[in-house]
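Accompanying notes for the structure given below.
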Amino acid sequence: MVPSIIEPLRLEWNVTRDIALEHIRKGDRVAAKEKVRRFHKQLCETVILDPACGSGNFLFVSLNLIASLEAEIRSALIGLGDLEYLHNDQCPSVTPSQFKGIELNPHAADIAEVVLWIACLQSHYKNNGRVPPNEPIIPDDHVVFRGDAILAAEWPRADFIVGNPPFAGNKRLRTFLGTSMLKKCFGYIPTFPKTRTMSCVFGTRPQPWRERGK
């Protein structure tokens with residue numbers, strides 16, 4: 001997850017920090033604060049998707065990495081003296097709602113959601129001491145969708161996709177999926193490559209938001 005998610009985000013953060021430092025050198029702390037605030041808000045709106053999330057390990061790691069980057073940004077805001085922004089009830093923060101999954105097994109999906117909230121609480125108390133979080137521990141809405149990621153009508157919008165789809169080579173694909181499901185895959189994904197594997201099914205699945213370029 002570091003090369004695919006954190007490195008691009010850290011590159012953006014480094015550019016943001018350099019611009020903020022330039023504003024400070026010019027005596028414009030207001031512009032510096034605003035620049036860092038915008039990136040913080042962008043980070044707190046970044047969505048990660050694992051379309052075969054199982055019990056949520058990849059999402060758990062992703063949340064911890066993003067939360068660590070957010071802690072660094074918050075530290076920069078403290079250094080800028082922007083306590084008014086940080087102490088505002090409307091100040092955004094990294095939450096489990098940014099980490100979405102799709103999972104066929106309902107029990108694994110339930111575990112994944114609990115894992116995400118545990119990770120979120122661990123990160124919160126690590127970075128904020130004993131200050132309780134604003135959000136309830138367990139939200140009403142699901143972040144892990146119960147269903148078939150291959151044939152689902154549309155995946156959730158995401159900025160980054162992570163995961164390790166179940167691997168089954170072309171010699172085992174019919175046994176793994178079953179004849180009926182295999183036919184559905186072929187009909188749904190006309191560009192399905194000749195080297196048919198489960199990973200190819202996920203990789204070639206059409207997505208409306210792919211044109212966003214991420």
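Simple scheme: letters A, B, ... for chains in structure tokens order, numbers from 1 for residues in each chain, numbers from 1 for ligands in the order shown.
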So which bits of stretch 46-149 of chain A end up alpha helix (DSSP H) when you DSSP the backbone, as a count of residues only?
50
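Counting only C-alpha atoms, A:Leu21 has the following residues at most 10 Å away, ignoring those fewer than 5 positions along the same chain: A:Val15, A:Thr16, A:Lys26, A:Gly27, A:Asp28, A:Arg29, A:Ala31, A:Ala32, A:Lys33.
Distances here use only C-alpha atoms; by that measure, the residue among A:Ile161, A:Lys35, A:Leu63, A:Cys53 closest to A:His23 is A:Lys35.
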Restricting to only C-alpha atoms, whichever of A:Ser68, A:Lys100, A:Ile19, A:Val30 is closest to A:Phe160 is A:Lys100
message: List as number ranges by chain the protein and nucleic acid residues near stretch 85-88 of chain A, meaning an atom at most 10 Å away when only C-alpha atoms are counted, but skip any in the same chain fewer than 4 places from it.
response: A: 33, 37, 74, 77-78, 81, 92-93
Taking 5 positions as the minimum chain separation for residues in the same chain, which residues sit within 7 Å of A:Val47 when counting only C-alpha atoms? Answer as a PyMOL selection string. chain A and resi 98-99+158-160
Just the selected residues (C-alpha atoms), exported as a JSON list (two decimals), in the first residue's frame, please.
[["chain", "number", "residue", "atom", "x", "y", "z"],
["A", 98, "GLN", "CA", -13.22, 6.55, 3.56],
["A", 99, "PHE", "CA", -12.26, 2.87, 3.43],
["A", 158, "ALA", "CA", -12.68, 5.44, -5.06],
["A", 159, "ASP", "CA", -9.43, 7.34, -5.48],
["A", 160, "PHE", "CA", -7.30, 4.24, -4.94]]
| A:Ala67: which residues within 7 Å, counting only C-alpha atoms, same-chain residues fewer than 4 positions away excluded, as a ChimeraX atom specification? | /A:63,71,94,123
Could you list, as number ranges by chain, every residue within 12 Å of A:Ile48, counting only C-alpha atoms and ignoring same-chain residues fewer than 3 positions away? A: 1, 4-6, 43-45, 51, 53, 56, 58-63, 65-66, 94-102, 143-144, 155-163, 214
Residue selection dump (N, CA and C atoms) as a compact mmCIF listing (two decimals), in the first residue's frame:
# COMPACT_ATOMS: atom_id res chain seq x y z
N MET A 1 0.81 -1.22 0.00
CA MET A 1 0.00 0.00 0.00
C MET A 1 0.85 1.28 0.00
N SER A 4 1.52 2.35 -3.71
CA SER A 4 0.32 2.66 -4.48
C SER A 4 -0.53 3.78 -3.88
N ILE A 5 -0.43 4.01 -2.58
CA ILE A 5 -1.28 5.02 -1.94
C ILE A 5 -0.45 6.13 -1.29
N ILE A 6 0.41 5.74 -0.36
CA ILE A 6 1.09 6.74 0.47
C ILE A 6 2.12 7.54 -0.32
N LEU A 43 -7.21 15.01 1.98
CA LEU A 43 -6.83 13.70 2.53
C LEU A 43 -8.01 13.03 3.23
N CYS A 44 -8.80 13.84 3.94
CA CYS A 44 -9.94 13.31 4.69
C CYS A 44 -11.12 12.96 3.78
N GLU A 45 -11.00 13.27 2.51
CA GLU A 45 -12.04 12.88 1.53
C GLU A 45 -11.53 11.80 0.57
N PRO A 51 -12.01 -4.33 -3.42
CA PRO A 51 -13.18 -5.04 -3.94
C PRO A 51 -13.24 -6.51 -3.57
N CYS A 53 -12.30 -7.65 -0.05
CA CYS A 53 -11.62 -7.23 1.18
C CYS A 53 -11.50 -8.31 2.24
N GLY A 56 -10.72 -7.53 5.99
CA GLY A 56 -10.33 -6.12 6.04
C GLY A 56 -8.87 -5.81 6.29
N PHE A 58 -6.20 -5.37 4.26
CA PHE A 58 -5.64 -4.31 3.42
C PHE A 58 -6.23 -2.94 3.78
N LEU A 59 -7.51 -2.91 4.12
CA LEU A 59 -8.15 -1.66 4.51
C LEU A 59 -7.61 -1.19 5.86
N PHE A 60 -7.36 -2.13 6.75
CA PHE A 60 -6.79 -1.82 8.07
C PHE A 60 -5.43 -1.15 7.92
N VAL A 61 -4.57 -1.74 7.10
CA VAL A 61 -3.23 -1.18 6.88
C VAL A 61 -3.33 0.19 6.21
N SER A 62 -4.23 0.31 5.23
CA SER A 62 -4.41 1.59 4.53
C SER A 62 -4.85 2.69 5.48
N LEU A 63 -5.79 2.36 6.36
CA LEU A 63 -6.28 3.36 7.32
C LEU A 63 -5.14 3.82 8.23
N LEU A 65 -1.94 3.86 7.64
CA LEU A 65 -0.99 4.67 6.89
C LEU A 65 -1.52 6.08 6.65
N ILE A 66 -2.79 6.17 6.27
CA ILE A 66 -3.41 7.49 6.01
C ILE A 66 -3.52 8.28 7.31
N VAL A 94 -9.73 11.75 9.38
CA VAL A 94 -9.78 10.46 8.70
C VAL A 94 -10.73 9.54 9.46
N THR A 95 -11.67 8.94 8.75
CA THR A 95 -12.66 8.05 9.36
C THR A 95 -12.80 6.77 8.55
N PRO A 96 -13.38 5.73 9.14
CA PRO A 96 -13.59 4.48 8.40
C PRO A 96 -14.47 4.63 7.16
N SER A 97 -15.28 5.68 7.09
CA SER A 97 -16.16 5.86 5.93
C SER A 97 -15.37 6.06 4.64
N GLN A 98 -14.07 6.37 4.75
CA GLN A 98 -13.22 6.55 3.56
C GLN A 98 -12.69 5.22 3.03
N PHE A 99 -12.86 4.15 3.78
CA PHE A 99 -12.26 2.87 3.43
C PHE A 99 -13.36 1.87 3.15
N LYS A 100 -13.59 1.64 1.87
CA LYS A 100 -14.73 0.84 1.45
C LYS A 100 -14.28 -0.52 0.96
N GLY A 101 -15.14 -1.49 1.17
CA GLY A 101 -14.84 -2.84 0.72
C GLY A 101 -16.06 -3.50 0.12
N ILE A 102 -15.81 -4.54 -0.64
CA ILE A 102 -16.87 -5.41 -1.15
C ILE A 102 -16.49 -6.83 -0.75
N VAL A 143 -19.68 0.37 5.52
CA VAL A 143 -18.57 0.75 4.64
C VAL A 143 -18.10 -0.45 3.82
N VAL A 144 -18.52 -1.63 4.24
CA VAL A 144 -18.21 -2.85 3.49
C VAL A 144 -19.52 -3.37 2.91
N TRP A 155 -19.08 -0.44 -8.58
CA TRP A 155 -18.30 -0.34 -7.35
C TRP A 155 -18.43 1.07 -6.78
N PRO A 156 -18.19 1.23 -5.48
CA PRO A 156 -18.18 2.57 -4.90
C PRO A 156 -17.10 3.42 -5.55
N ARG A 157 -17.33 4.73 -5.61
CA ARG A 157 -16.31 5.64 -6.12
C ARG A 157 -15.08 5.55 -5.23
N ALA A 158 -13.91 5.54 -5.84
CA ALA A 158 -12.68 5.44 -5.06
C ALA A 158 -11.56 6.19 -5.75
N ASP A 159 -10.62 6.70 -4.95
CA ASP A 159 -9.43 7.34 -5.48
C ASP A 159 -8.30 6.34 -5.67
N PHE A 160 -8.31 5.30 -4.84
CA PHE A 160 -7.30 4.24 -4.94
C PHE A 160 -7.96 2.89 -4.72
N ILE A 161 -7.47 1.88 -5.43
CA ILE A 161 -7.95 0.51 -5.25
C ILE A 161 -6.81 -0.35 -4.74
N VAL A 162 -7.08 -1.10 -3.68
CA VAL A 162 -6.09 -2.02 -3.14
C VAL A 162 -6.71 -3.41 -3.08
N GLY A 163 -5.91 -4.39 -2.74
CA GLY A 163 -6.49 -5.70 -2.52
C GLY A 163 -5.69 -6.83 -3.13
N LYS A 214 -7.43 7.34 -11.96
CA LYS A 214 -6.75 6.83 -10.77
C LYS A 214 -7.04 5.36 -10.62
Here atom CA of A:Ala109 and atom CA of A:Gly54 stand apart by 6.6 Å
re atom CA of A:Ile118 and atom CA of A:Phe145: distance 18.4 Å
